[in-house]
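Trainee: Quick one, data_31.cif (mmCIF, C-alpha atoms):
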```
data_start
#
loop_
_atom_site.label_atom_id
_atom_site.label_comp_id
_atom_site.auth_asym_id
_atom_site.auth_seq_id
_atom_site.Cartn_x
_atom_site.Cartn_y
_atom_site.Cartn_z
CA MET A 88 15.06 -9.47 5.80
CA THR A 89 17.50 -10.22 3.00
CA GLY A 90 16.45 -10.68 -0.61
CA LYS A 91 18.19 -12.04 -3.68
CA GLY A 92 21.78 -10.96 -4.08
CA GLY A 93 22.08 -10.24 -0.37
CA PHE A 94 20.31 -6.89 -0.60
CA GLN A 95 18.07 -6.04 2.32
CA HIS A 96 14.50 -4.99 1.63
CA TYR A 97 11.87 -4.07 4.17
CA LYS A 98 8.92 -1.86 4.92
CA PHE A 99 8.34 0.17 8.06
CA GLU A 100 4.83 1.17 9.03
CA VAL A 101 3.64 3.29 11.94
CA PRO A 102 0.44 5.20 12.69
CA GLU A 103 0.25 8.95 13.27
CA ILE A 104 2.03 9.44 16.59
CA ILE A 105 1.23 12.15 19.14
CA PHE A 106 3.39 12.22 22.28
CA GLY A 107 3.67 14.58 25.22
CA ARG A 108 2.63 15.45 28.73
CA GLY A 109 -0.98 16.57 29.09
CA LEU A 110 -1.93 15.55 25.55
CA LEU A 111 -4.67 13.11 26.55
CA ARG A 112 -6.81 16.25 26.48
CA GLN A 113 -6.50 16.13 22.69
CA VAL A 114 -8.19 12.75 22.29
CA GLY A 115 -11.46 14.47 21.36
CA SER A 116 -9.92 16.41 18.48
CA CYS A 117 -8.19 13.23 17.30
CA ALA A 118 -11.46 11.29 17.17
CA ARG A 119 -13.23 14.17 15.48
CA ARG A 120 -10.52 14.40 12.80
CA LEU A 121 -11.22 10.76 11.96
CA GLY A 122 -14.87 11.56 11.26
CA GLY A 123 -16.30 10.24 14.51
CA LYS A 124 -19.67 11.26 15.91
CA GLN A 125 -20.48 8.37 18.25
CA VAL A 126 -17.29 7.30 20.02
CA PHE A 127 -16.97 3.84 21.55
CA LEU A 128 -14.51 4.29 24.43
CA VAL A 129 -12.90 1.05 25.63
CA SER A 130 -11.07 1.13 28.96
CA ASP A 131 -11.03 -0.65 32.30
CA GLN A 132 -12.05 0.06 35.86
CA GLY A 133 -8.51 0.74 37.06
CA VAL A 134 -8.05 3.52 34.51
CA PHE A 135 -11.50 4.85 35.45
CA LYS A 136 -10.56 5.00 39.15
CA ALA A 137 -7.37 6.85 38.26
CA GLY A 138 -9.46 9.62 36.64
CA TRP A 139 -8.22 9.26 33.07
CA VAL A 140 -11.55 8.06 31.67
CA ASP A 141 -13.29 11.19 32.94
CA LEU A 142 -10.62 13.36 31.35
CA ALA A 143 -10.99 11.54 28.03
CA ILE A 144 -14.80 11.76 28.09
CA LYS A 145 -14.58 15.48 28.84
CA SER A 146 -12.29 15.98 25.85
CA LEU A 147 -14.58 13.96 23.59
CA HIS A 148 -17.65 15.91 24.70
CA GLU A 149 -15.86 19.23 24.26
CA SER A 150 -15.18 18.19 20.66
CA GLY A 151 -18.90 17.70 20.09
CA LEU A 152 -18.86 13.91 20.18
CA ASN A 153 -21.19 11.45 21.86
CA VAL A 154 -19.58 8.75 23.98
CA VAL A 155 -20.45 5.13 24.69
CA TYR A 156 -18.26 3.84 27.52
CA PHE A 157 -17.35 0.14 27.76
CA ASP A 158 -15.16 -1.11 30.60
CA GLN A 159 -15.91 -4.83 30.87
CA ILE A 160 -12.30 -5.72 30.16
CA THR A 161 -9.98 -7.69 32.43
CA PRO A 162 -6.20 -8.29 32.24
CA ASN A 163 -5.34 -10.65 29.36
CA PRO A 164 -8.52 -9.70 27.44
CA LYS A 165 -10.92 -12.58 26.96
CA ASP A 166 -12.65 -13.59 23.74
CA TYR A 167 -16.12 -13.27 25.30
CA GLU A 168 -15.34 -9.75 26.59
CA ILE A 169 -14.48 -8.61 23.08
CA GLU A 170 -17.58 -10.20 21.60
CA SER A 171 -19.71 -8.52 24.28
CA GLY A 172 -18.09 -5.19 23.43
CA PHE A 173 -18.80 -5.74 19.75
CA ARG A 174 -22.51 -6.30 20.46
CA GLU A 175 -22.59 -3.08 22.48
CA TYR A 176 -20.78 -1.21 19.69
CA VAL A 177 -23.40 -2.29 17.16
CA ALA A 178 -26.34 -1.65 19.49
CA LYS A 179 -25.21 1.94 20.15
CA GLY A 180 -24.43 2.74 16.52
CA ALA A 181 -20.84 3.78 17.22
CA ASP A 182 -18.56 4.84 14.37
CA VAL A 183 -15.09 5.35 15.88
CA ILE A 184 -13.22 3.50 18.63
CA VAL A 185 -10.90 4.88 21.31
CA GLY A 186 -8.87 2.45 23.43
CA LEU A 187 -7.57 3.90 26.69
CA GLY A 188 -5.47 1.80 29.05
CA GLY A 189 -2.84 -0.90 28.99
CA GLY A 190 -2.41 -3.67 26.46
CA SER A 191 -5.63 -5.37 27.54
CA ALA A 192 -7.85 -2.37 26.83
CA MET A 193 -6.09 -1.53 23.58
CA ASP A 194 -6.08 -5.11 22.28
CA ALA A 195 -9.77 -5.38 23.22
CA ALA A 196 -10.45 -2.17 21.25
CA LYS A 197 -8.70 -3.75 18.27
CA GLY A 198 -10.75 -6.93 18.65
CA ILE A 199 -14.01 -5.00 18.78
CA ALA A 200 -12.94 -3.05 15.70
CA ILE A 201 -12.17 -6.28 13.83
CA LEU A 202 -15.60 -7.76 14.55
CA SER A 203 -17.42 -4.53 13.76
CA ALA A 204 -16.13 -4.65 10.20
CA ASN A 205 -15.73 -8.40 9.61
CA GLY A 206 -18.22 -10.19 11.88
CA GLY A 207 -17.86 -13.74 13.17
CA ARG A 208 -15.97 -14.74 16.32
CA ILE A 209 -12.71 -13.15 17.36
CA GLY A 210 -10.98 -16.52 17.21
CA ASP A 211 -11.63 -16.61 13.47
CA TYR A 212 -8.84 -14.07 12.99
CA ARG A 213 -6.00 -15.77 14.84
CA GLY A 214 -2.78 -15.87 12.89
CA SER A 215 -1.58 -13.61 10.12
CA ASP A 216 -3.57 -11.52 7.62
CA LYS A 217 -7.04 -13.02 8.19
CA ILE A 218 -8.82 -9.63 8.22
CA HIS A 219 -10.34 -8.68 4.87
CA ARG A 220 -12.40 -5.54 5.57
CA PRO A 221 -11.01 -2.26 6.93
CA ILE A 222 -11.79 -1.59 10.58
CA PRO A 223 -13.43 1.63 11.86
CA PRO A 224 -11.24 4.61 12.74
CA LEU A 225 -9.16 3.76 15.81
CA VAL A 226 -7.32 5.91 18.36
CA LEU A 227 -5.21 4.17 21.02
CA CYS A 228 -3.99 5.87 24.19
CA PRO A 229 -1.61 3.84 26.40
CA THR A 230 -1.59 4.34 30.17
CA THR A 231 1.25 1.88 30.80
CA CYS A 232 4.84 1.80 29.56
CA GLY A 233 5.34 -1.48 27.79
CA THR A 234 2.61 -2.90 25.62
CA GLY A 235 3.39 -1.19 22.31
CA SER A 236 -0.13 -2.07 21.16
CA ASP A 237 -0.74 1.59 20.35
CA VAL A 238 1.66 1.40 17.39
CA SER A 239 1.63 -2.30 16.54
CA GLN A 240 0.03 -4.60 14.00
CA PHE A 241 -0.77 -7.16 16.73
CA ALA A 242 -3.52 -8.04 19.17
CA VAL A 243 -3.22 -10.83 21.73
CA ILE A 244 -6.46 -12.40 22.94
CA ASN A 245 -7.22 -15.06 25.56
CA ASP A 246 -9.14 -18.08 24.23
CA THR A 247 -11.16 -19.09 27.29
CA GLU A 248 -12.18 -22.46 25.88
CA GLN A 249 -8.68 -23.63 24.97
CA LEU A 250 -7.08 -21.73 27.89
CA CYS A 251 -4.43 -20.19 25.67
CA LYS A 252 -3.58 -16.84 24.14
CA PHE A 253 -3.62 -16.34 20.40
CA THR A 254 -2.11 -13.60 18.29
CA ILE A 255 -3.83 -11.65 15.54
CA MET A 256 -1.40 -10.01 13.14
CA SER A 257 -2.53 -7.62 10.42
CA ARG A 258 -1.63 -4.17 9.15
CA CYS A 259 -5.36 -3.49 9.34
CA ILE A 260 -5.31 -3.30 13.13
CA ALA A 261 -2.59 -0.71 13.58
CA PRO A 262 -4.45 2.37 14.84
CA ASP A 263 -4.93 5.54 12.86
CA ILE A 264 -3.57 7.58 15.76
CA SER A 265 -1.35 6.66 18.70
CA LEU A 266 -1.70 9.23 21.49
CA THR A 267 0.69 8.90 24.45
CA ASP A 268 0.48 11.10 27.53
CA PRO A 269 3.29 10.17 29.97
CA GLU A 270 1.39 11.81 32.83
CA THR A 271 -0.95 8.82 32.90
CA LEU A 272 1.93 6.81 34.38
CA LEU A 273 1.80 8.92 37.54
CA THR A 274 -1.19 6.89 38.75
CA LEU A 275 0.23 3.51 37.70
CA PRO A 276 1.13 1.32 40.73
CA GLN A 277 4.84 0.71 41.26
CA HIS A 278 4.70 -2.96 40.33
CA HIS A 279 2.89 -2.22 37.06
CA VAL A 280 5.44 0.43 36.13
CA GLY A 281 8.12 -2.24 36.51
CA SER A 282 6.30 -5.11 34.84
CA THR A 283 5.11 -3.14 31.81
CA ALA A 284 8.54 -1.58 31.28
CA VAL A 285 10.02 -5.09 31.30
CA ASP A 286 7.64 -5.93 28.46
CA ALA A 287 9.20 -3.04 26.51
CA LEU A 288 12.64 -4.44 27.36
CA ALA A 289 11.67 -7.85 25.99
CA HIS A 290 10.10 -6.25 22.90
CA ALA A 291 13.27 -4.31 22.16
CA ILE A 292 15.64 -7.26 22.61
CA GLU A 293 13.52 -9.74 20.66
CA ALA A 294 12.97 -7.25 17.83
CA TYR A 295 16.72 -6.47 17.74
CA PHE A 296 17.52 -10.19 17.43
CA SER A 297 14.68 -10.98 14.99
CA ILE A 298 15.50 -12.33 11.55
CA ALA A 299 13.16 -9.65 10.18
CA ALA A 300 15.10 -6.80 11.83
CA SER A 301 16.24 -3.90 9.68
CA SER A 302 18.25 -0.72 10.20
CA LEU A 303 15.02 1.12 11.01
CA THR A 304 13.84 -1.40 13.60
CA ASP A 305 17.32 -1.60 15.12
CA VAL A 306 17.45 2.16 15.64
CA ASN A 307 14.18 2.04 17.55
CA ALA A 308 15.06 -1.10 19.53
CA LEU A 309 18.39 0.36 20.65
CA GLN A 310 16.85 3.70 21.56
CA ALA A 311 14.32 1.86 23.72
CA LEU A 312 17.13 -0.02 25.48
CA THR A 313 19.09 3.20 26.08
CA LEU A 314 16.07 4.86 27.68
CA LEU A 315 15.32 1.80 29.81
CA ALA A 316 18.90 1.55 31.04
CA LYS A 317 18.83 5.22 31.94
CA SER A 318 15.49 5.48 33.72
CA TYR A 319 13.85 2.12 34.45
CA VAL A 320 15.11 1.56 38.00
CA ARG A 321 14.67 5.17 39.09
CA ALA A 322 11.17 5.31 37.61
CA VAL A 323 10.12 2.23 39.58
CA ARG A 324 11.65 3.47 42.83
CA GLU A 325 10.97 7.21 42.67
CA HIS A 326 8.07 7.64 40.22
CA ARG A 327 9.49 10.93 38.86
CA ILE A 328 7.69 12.21 35.79
CA GLU A 329 11.00 12.70 33.93
CA ASP A 330 11.84 9.01 34.28
CA LEU A 331 8.29 7.90 33.57
CA GLU A 332 8.38 9.93 30.37
CA ASP A 333 11.54 8.06 29.35
CA LEU A 334 9.71 4.77 29.91
CA SER A 335 6.81 5.98 27.76
CA ARG A 336 9.25 6.84 25.01
CA ALA A 337 10.99 3.48 25.42
CA SER A 338 7.66 1.68 25.04
CA LEU A 339 6.91 3.68 21.91
CA HIS A 340 10.29 2.94 20.32
CA ALA A 341 10.13 -0.75 21.27
CA GLY A 342 6.60 -0.94 19.88
CA MET A 343 7.67 0.48 16.53
CA ALA A 344 10.58 -1.97 16.48
CA PHE A 345 8.64 -5.15 17.18
CA SER A 346 5.62 -4.18 15.08
CA ASN A 347 7.91 -4.19 12.06
CA ALA A 348 10.58 -6.76 13.03
CA LEU A 349 8.21 -9.03 15.01
CA LEU A 350 9.36 -10.99 18.07
CA GLY A 351 10.87 -14.31 19.10
CA ILE A 352 10.59 -17.30 21.39
CA GLY A 353 10.31 -15.24 24.59
CA HIS A 354 6.86 -14.06 23.59
CA ALA A 355 6.03 -17.39 22.00
CA LEU A 356 6.53 -18.92 25.46
CA SER A 357 4.88 -16.15 27.46
CA HIS A 358 1.64 -16.27 25.48
CA PRO A 359 0.58 -19.82 26.47
CA ILE A 360 1.65 -19.18 30.08
CA GLY A 361 -0.54 -16.08 30.21
CA GLY A 362 -3.41 -17.94 28.58
CA LEU A 363 -3.31 -20.91 30.93
CA TYR A 364 -2.65 -19.08 34.19
CA ASP A 365 -3.97 -15.55 33.50
CA VAL A 366 -0.83 -14.01 35.00
CA ASN A 367 0.94 -10.69 34.43
CA HIS A 368 2.56 -10.69 31.00
CA GLY A 369 5.50 -8.51 32.01
CA ASP A 370 6.32 -10.75 34.97
CA VAL A 371 6.43 -13.79 32.68
CA ASN A 372 8.74 -11.98 30.26
CA ALA A 373 11.04 -10.94 33.10
CA ILE A 374 11.47 -14.54 34.21
CA LEU A 375 12.01 -15.92 30.72
CA LEU A 376 14.22 -13.18 29.25
CA PRO A 377 17.64 -14.19 30.65
CA GLU A 378 17.26 -17.79 29.48
CA VAL A 379 15.95 -16.68 26.08
CA VAL A 380 18.97 -14.41 25.62
CA LYS A 381 21.31 -17.28 26.56
CA TYR A 382 19.55 -19.50 24.02
CA ASP A 383 19.72 -16.94 21.22
CA TYR A 384 23.26 -15.79 21.98
CA PRO A 385 25.20 -18.18 19.66
CA VAL A 386 23.40 -16.86 16.57
CA VAL A 387 23.31 -13.13 17.42
CA THR A 388 26.92 -12.51 18.45
CA GLU A 389 27.40 -9.79 15.83
CA LYS A 390 24.66 -7.71 17.50
CA ILE A 391 25.83 -8.05 21.10
CA ALA A 392 28.17 -5.04 21.08
CA GLY A 393 25.30 -2.80 20.01
CA LEU A 394 23.01 -4.26 22.66
CA LEU A 395 25.56 -3.81 25.43
CA ASN A 396 26.40 -0.29 24.32
CA ALA A 397 22.72 0.67 24.48
CA LEU A 398 22.54 -0.78 27.99
CA GLY A 399 25.56 1.26 29.08
CA CYS A 400 28.31 -1.39 28.86
CA GLU A 401 31.50 -1.41 26.78
CA LEU A 402 32.33 -4.74 25.14
CA LYS A 403 35.69 -3.75 23.65
CA GLY A 404 38.44 -5.59 25.46
CA ASN A 405 35.99 -7.98 27.11
CA GLU A 406 34.92 -10.01 24.08
CA GLU A 407 35.64 -13.35 25.74
CA PHE A 408 33.11 -12.48 28.47
CA ALA A 409 30.43 -11.15 26.11
CA GLU A 410 27.77 -13.72 26.92
CA GLU A 411 28.23 -13.42 30.67
CA MET A 412 28.18 -9.62 30.43
CA THR A 413 25.00 -9.62 28.38
CA VAL A 414 23.08 -11.89 30.71
CA SER A 415 24.46 -10.17 33.80
CA VAL A 416 23.48 -6.64 32.76
CA ILE A 417 19.94 -7.79 31.93
CA GLU A 418 19.57 -9.74 35.18
CA ASN A 419 20.94 -6.83 37.21
CA LEU A 420 18.45 -4.46 35.59
CA LEU A 421 15.56 -6.84 36.28
CA ASP A 422 16.63 -7.41 39.89
CA ALA A 423 17.06 -3.70 40.55
CA GLY A 424 13.53 -3.09 39.30
CA GLY A 425 12.07 -5.81 41.52
CA SER A 426 11.15 -8.31 38.82
CA PRO A 427 10.22 -11.83 39.98
CA ARG A 428 12.40 -14.89 39.46
CA GLY A 429 11.12 -18.39 38.73
CA LEU A 430 7.92 -19.41 36.95
CA ARG A 431 6.87 -21.30 40.07
CA THR A 432 6.42 -17.93 41.83
CA LEU A 433 3.60 -17.17 39.38
CA GLY A 434 1.84 -20.46 40.09
CA VAL A 435 3.08 -22.29 36.99
CA ARG A 436 2.93 -26.05 37.51
CA GLU A 437 5.87 -28.21 36.52
CA GLU A 438 3.56 -30.84 35.04
CA ASP A 439 2.31 -28.26 32.52
CA LEU A 440 5.72 -27.42 31.06
CA ASN A 441 5.52 -29.95 28.22
CA LYS A 442 2.12 -28.63 27.18
CA LEU A 443 3.38 -25.05 27.31
CA ALA A 444 6.36 -25.89 25.10
CA GLU A 445 4.12 -27.53 22.51
CA LEU A 446 1.75 -24.54 22.48
CA ALA A 447 4.66 -22.11 22.16
CA LEU A 448 5.89 -23.95 19.08
CA GLN A 449 2.60 -23.07 17.37
CA ASP A 450 2.87 -19.34 18.17
CA VAL A 451 3.51 -16.95 15.28
CA CYS A 452 6.44 -15.38 17.16
CA VAL A 453 8.66 -18.44 16.60
CA LEU A 454 8.73 -17.61 12.89
CA THR A 455 11.10 -14.67 13.39
CA SER A 456 13.24 -16.20 16.12
CA PRO A 457 16.93 -15.84 15.21
CA ARG A 458 17.50 -19.45 16.21
CA GLN A 459 15.40 -22.29 14.88
CA THR A 460 13.81 -24.14 17.74
CA ASP A 461 11.79 -27.21 18.66
CA ALA A 462 9.63 -28.37 21.54
CA GLU A 463 12.58 -29.95 23.35
CA ASP A 464 14.58 -26.72 23.32
CA LEU A 465 11.58 -24.69 24.44
CA LEU A 466 10.97 -27.15 27.26
CA GLY A 467 14.58 -26.69 28.32
CA ILE A 468 14.11 -22.92 28.55
CA LEU A 469 10.98 -23.40 30.64
CA LYS A 470 12.71 -25.84 32.99
CA ARG A 471 15.68 -23.49 33.48
CA SER A 472 13.24 -20.65 34.15
CA PHE A 473 11.10 -22.64 36.54
#
```
The structure in this file should be written as structure tokens.

Mentor:
Amino acid sequence: MTGKGGFQHYKFEVPEIIFGRGLLRQVGSCARRLGGKQVFLVSDQGVFKAGWVDLAIKSLHESGLNVVYFDQITPNPKDYEIESGFREYVAKGADVIVGLGGGSAMDAAKGIAILSANGGRIGDYRGSDKIHRPIPPLVLCPTTCGTGSDVSQFAVINDTEQLCKFTIMSRCIAPDISLTDPETLLTLPQHHVGSTAVDALAHAIEAYFSIAASSLTDVNALQALTLLAKSYVRAVREHRIEDLEDLSRASLHAGMAFSNALLGIGHALSHPIGGLYDVNHGDVNAILLPEVVKYDYPVVTEKIAGLLNALGCELKGNEEFAEEMTVSVIENLLDAGGSPRGLRTLGVREEDLNKLAELALQDVCVLTSPRQTDAEDLLGILKRSF
């Protein structure tokens, strides 16, 4: 962001980051370093079936720690699931939290941590900077390649009464340690590799365009895009560990970018869609992204050359076709990775589009959109994406 006199000022915050193949085996030593004795491990049944929960529990036990395992988490984590986890955390006298899984498990771990220190209902903390007491020590271990929750200051929760997602934003909920083991992607189904990597793509582009972007966030956003352009399609099709590792790194870089630069209208729109229909977040982003880029394009033209260069395209000499090139390279990448087209394919109803646009306008992500928007413009994006 730009201060008085045109000088840019910003801060850039990240947790301790540990990255590498096979390093999930170090989760026990990480929790122990944070002073844990009774670890509350939050995951889900898919990660359990893949064998990663057993590996994590073994590591925790080998470090002399007791483990309470909680897996009552579903995709798009629900408010009542988090409140149930909080009650279990208190009942078992836990003192450190480990989140292992995709964005749902990690955001649920954050929600449980918030309630353990601050009490109340999780909905009390929607919005920005509503958390007043420090949360317990927190280690987050992603097993997908897109969420960025393991390095971010955000948690996204599903309000089951209002049928909408809400965002919690606070420096307090960034974890103490982010531990990424790319080998966990080897058991991730093909579709989930693609859909979670698309979330990283959307994170990187929206952070790069954000009005809160800085040189530090741009470096990370562009590195994420370079890695995605290099390895996304091959990772989805061939599942090679080298390409999956690139996607893990892309997710990490995109997470650092958007945690500090925030996001834009793509995520503002995807949140109410996910809340109302309980659909895959990455699939929603894939459908919306081309139209969001078209909408933002007139106010981000100075950043397009950098974006295209990161995605492997040369703008020089083709400036008059810049918008078409930008949209085309993104659509080609999405198509090659098997992303869906059209909100109707996810079960979105046309009669709900007005409601979705109004809800999106209330989302915190619109605040850092590079282009000021209104409900009519957001409705237009939804209609063109339908």

Trainee: Which of these residues is nearest to Val280 in chain A, using only C-alpha atoms: A:Gly109, A:Gly233, A:Gly115, A:Pro457?

Mentor: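 Using only C-alpha atoms, the shortest distance to Val280 in chain A belongs to A:Gly233.
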
Trainee: Using all atoms listed in the file, pick whichever of A:Ala192, A:Leu152, A:Ala355, A:Ala242 has the shortest atom-to-atom distance to Ser456 in chain A.

Mentor: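 Residue with the minimum atom-to-atom distance to Ser456 in chain A: A:Ala355.
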
Trainee: Could you spell out the hits of the PyMOL selection byres ((chain A and resi 327) around 12) on the shown file, as a VMD selection string?

Mentor: chain A and resid 269 to 270 272 to 275 277 280 318 to 326 328 to 334

Trainee: So, with only C-alpha atoms as the atoms that count, which of A:Leu111, A:Ala300, A:Ile144, A:Met256 lies closest to Gly214 in chain A?

Mentor: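 Residue with the minimum atom-to-atom distance to Gly214 in chain A: A:Met256.
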
Trainee: What is the distance between CA of Glu103 in chain A and CA of Ile199 in chain A, in Å to one decimal?

Mentor: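 Between CA of Glu103 in chain A and CA of Ile199 in chain A the gap is 20.7 Å.
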
Trainee: For the atom pair CA of Lys197 in chain A and CA of Gln113 in chain A, what is the interatomic distance in Å to one decimal place?

Mentor: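 Distance reported for this atom pair: 20.5 Å.
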
Trainee: Figure out the distance between CA of Pro385 in chain A and CA of Ala444 in chain A, please, to one decimal in Å.

Mentor: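 Taking CA of Ala444 in chain A as the start and CA of Pro385 in chain A as the end point, the length is 21.1 Å.
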
Trainee: Apply the PyMOL selection byres ((chain A and resi 391) around 10) to the displayed file and report the matching residues as an mmCIF file with C-alpha atoms, in the frame of the given file.

Mentor:
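Output below, filename part-v2.cif:
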```cif
data_model
loop_
_atom_site.group_PDB
_atom_site.id
_atom_site.type_symbol
_atom_site.label_atom_id
_atom_site.label_comp_id
_atom_site.auth_asym_id
_atom_site.auth_seq_id
_atom_site.Cartn_x
_atom_site.Cartn_y
_atom_site.Cartn_z
ATOM 1 C CA TYR A 295 16.720 -6.470 17.740
ATOM 2 C CA PHE A 296 17.520 -10.190 17.430
ATOM 3 C CA TYR A 384 23.260 -15.790 21.980
ATOM 4 C CA VAL A 387 23.310 -13.130 17.420
ATOM 5 C CA THR A 388 26.920 -12.510 18.450
ATOM 6 C CA GLU A 389 27.400 -9.790 15.830
ATOM 7 C CA LYS A 390 24.660 -7.710 17.500
ATOM 8 C CA ALA A 392 28.170 -5.040 21.080
ATOM 9 C CA GLY A 393 25.300 -2.800 20.010
ATOM 10 C CA LEU A 394 23.010 -4.260 22.660
ATOM 11 C CA LEU A 395 25.560 -3.810 25.430
ATOM 12 C CA ASN A 396 26.400 -0.290 24.320
ATOM 13 C CA ALA A 397 22.720 0.670 24.480
ATOM 14 C CA LEU A 402 32.330 -4.740 25.140
ATOM 15 C CA GLU A 406 34.920 -10.010 24.080
ATOM 16 C CA ALA A 409 30.430 -11.150 26.110
ATOM 17 C CA GLU A 410 27.770 -13.720 26.920
ATOM 18 C CA MET A 412 28.180 -9.620 30.430
ATOM 19 C CA THR A 413 25.000 -9.620 28.380
#
```

Trainee: Name the residues that the PyMOL selection byres ((chain A and resi 251) around 12) picks from the file above, as an NGL selection string, using the file's chain letters and numbers.

Mentor: :A and (163-166 or 210 or 213 or 243-250 or 252-254 or 355-366 or 442-443 or 445-447 or 449-450)

Trainee: Go ahead and save the residues from that selection, with C-alpha atoms, as an mmCIF file, in the frame of the given file.

Mentor:
```cif
data_model
loop_
_atom_site.group_PDB
_atom_site.id
_atom_site.type_symbol
_atom_site.label_atom_id
_atom_site.label_comp_id
_atom_site.auth_asym_id
_atom_site.auth_seq_id
_atom_site.Cartn_x
_atom_site.Cartn_y
_atom_site.Cartn_z
ATOM 1 C CA ASN A 163 -5.340 -10.650 29.360
ATOM 2 C CA PRO A 164 -8.520 -9.700 27.440
ATOM 3 C CA LYS A 165 -10.920 -12.580 26.960
ATOM 4 C CA ASP A 166 -12.650 -13.590 23.740
ATOM 5 C CA GLY A 210 -10.980 -16.520 17.210
ATOM 6 C CA ARG A 213 -6.000 -15.770 14.840
ATOM 7 C CA VAL A 243 -3.220 -10.830 21.730
ATOM 8 C CA ILE A 244 -6.460 -12.400 22.940
ATOM 9 C CA ASN A 245 -7.220 -15.060 25.560
ATOM 10 C CA ASP A 246 -9.140 -18.080 24.230
ATOM 11 C CA THR A 247 -11.160 -19.090 27.290
ATOM 12 C CA GLU A 248 -12.180 -22.460 25.880
ATOM 13 C CA GLN A 249 -8.680 -23.630 24.970
ATOM 14 C CA LEU A 250 -7.080 -21.730 27.890
ATOM 15 C CA LYS A 252 -3.580 -16.840 24.140
ATOM 16 C CA PHE A 253 -3.620 -16.340 20.400
ATOM 17 C CA THR A 254 -2.110 -13.600 18.290
ATOM 18 C CA ALA A 355 6.030 -17.390 22.000
ATOM 19 C CA LEU A 356 6.530 -18.920 25.460
ATOM 20 C CA SER A 357 4.880 -16.150 27.460
ATOM 21 C CA HIS A 358 1.640 -16.270 25.480
ATOM 22 C CA PRO A 359 0.580 -19.820 26.470
ATOM 23 C CA ILE A 360 1.650 -19.180 30.080
ATOM 24 C CA GLY A 361 -0.540 -16.080 30.210
ATOM 25 C CA GLY A 362 -3.410 -17.940 28.580
ATOM 26 C CA LEU A 363 -3.310 -20.910 30.930
ATOM 27 C CA TYR A 364 -2.650 -19.080 34.190
ATOM 28 C CA ASP A 365 -3.970 -15.550 33.500
ATOM 29 C CA VAL A 366 -0.830 -14.010 35.000
ATOM 30 C CA LYS A 442 2.120 -28.630 27.180
ATOM 31 C CA LEU A 443 3.380 -25.050 27.310
ATOM 32 C CA GLU A 445 4.120 -27.530 22.510
ATOM 33 C CA LEU A 446 1.750 -24.540 22.480
ATOM 34 C CA ALA A 447 4.660 -22.110 22.160
ATOM 35 C CA GLN A 449 2.600 -23.070 17.370
ATOM 36 C CA ASP A 450 2.870 -19.340 18.170
#
```

Trainee: So that I can see what lies close to range 226-231 of chain A, please list as a ChimeraX atom specification the residues with an atom at most 8 Å from it, counting all atoms listed in the file and leaving out residues fewer than 6 positions away in the same chain.

Mentor: /A:111,114,117-118,134,184-190,193,237,262-269,271-272,275,279-280,283,335

Trainee: Restricting it to C-alpha atoms, dump the selection as an mmCIF file, in the coordinates of the input.

Mentor:
```
data_model
loop_
_atom_site.group_PDB
_atom_site.id
_atom_site.type_symbol
_atom_site.label_atom_id
_atom_site.label_comp_id
_atom_site.auth_asym_id
_atom_site.auth_seq_id
_atom_site.Cartn_x
_atom_site.Cartn_y
_atom_site.Cartn_z
ATOM 1 C CA LEU A 111 -4.670 13.110 26.550
ATOM 2 C CA VAL A 114 -8.190 12.750 22.290
ATOM 3 C CA CYS A 117 -8.190 13.230 17.300
ATOM 4 C CA ALA A 118 -11.460 11.290 17.170
ATOM 5 C CA VAL A 134 -8.050 3.520 34.510
ATOM 6 C CA ILE A 184 -13.220 3.500 18.630
ATOM 7 C CA VAL A 185 -10.900 4.880 21.310
ATOM 8 C CA GLY A 186 -8.870 2.450 23.430
ATOM 9 C CA LEU A 187 -7.570 3.900 26.690
ATOM 10 C CA GLY A 188 -5.470 1.800 29.050
ATOM 11 C CA GLY A 189 -2.840 -0.900 28.990
ATOM 12 C CA GLY A 190 -2.410 -3.670 26.460
ATOM 13 C CA MET A 193 -6.090 -1.530 23.580
ATOM 14 C CA ASP A 237 -0.740 1.590 20.350
ATOM 15 C CA PRO A 262 -4.450 2.370 14.840
ATOM 16 C CA ASP A 263 -4.930 5.540 12.860
ATOM 17 C CA ILE A 264 -3.570 7.580 15.760
ATOM 18 C CA SER A 265 -1.350 6.660 18.700
ATOM 19 C CA LEU A 266 -1.700 9.230 21.490
ATOM 20 C CA THR A 267 0.690 8.900 24.450
ATOM 21 C CA ASP A 268 0.480 11.100 27.530
ATOM 22 C CA PRO A 269 3.290 10.170 29.970
ATOM 23 C CA THR A 271 -0.950 8.820 32.900
ATOM 24 C CA LEU A 272 1.930 6.810 34.380
ATOM 25 C CA LEU A 275 0.230 3.510 37.700
ATOM 26 C CA HIS A 279 2.890 -2.220 37.060
ATOM 27 C CA VAL A 280 5.440 0.430 36.130
ATOM 28 C CA THR A 283 5.110 -3.140 31.810
ATOM 29 C CA SER A 335 6.810 5.980 27.760
#
```

Trainee: Out of A:Ile468, A:Val451, A:Leu339, A:Cys259, which residue has the shortest atom-to-atom distance to Gly107 in chain A when counting only C-alpha atoms?

Mentor: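 Residue with the minimum atom-to-atom distance to Gly107 in chain A: A:Leu339.
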
Trainee: Report, as lines of an AutoDock Vina configuration file, the axis-aligned box around all atoms of range 113-123 of chain A present in the file, extended by 3 Å on each side; give centre and edge lengths in Å to one decimal place.

Mentor:
```
center_x = -11.4
center_y = 13.3
center_z = 17.0
size_x = 15.8
size_y = 12.2
size_z = 17.4
```

Trainee: Given the choices A:Ser150, A:Thr432, A:Ser338, A:Thr234, which gets closest to Arg119 in chain A if the distance is worked out from all atoms listed in the file?

Mentor: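 Counting all atoms listed in the file, the residue closest to Arg119 in chain A is A:Ser150.
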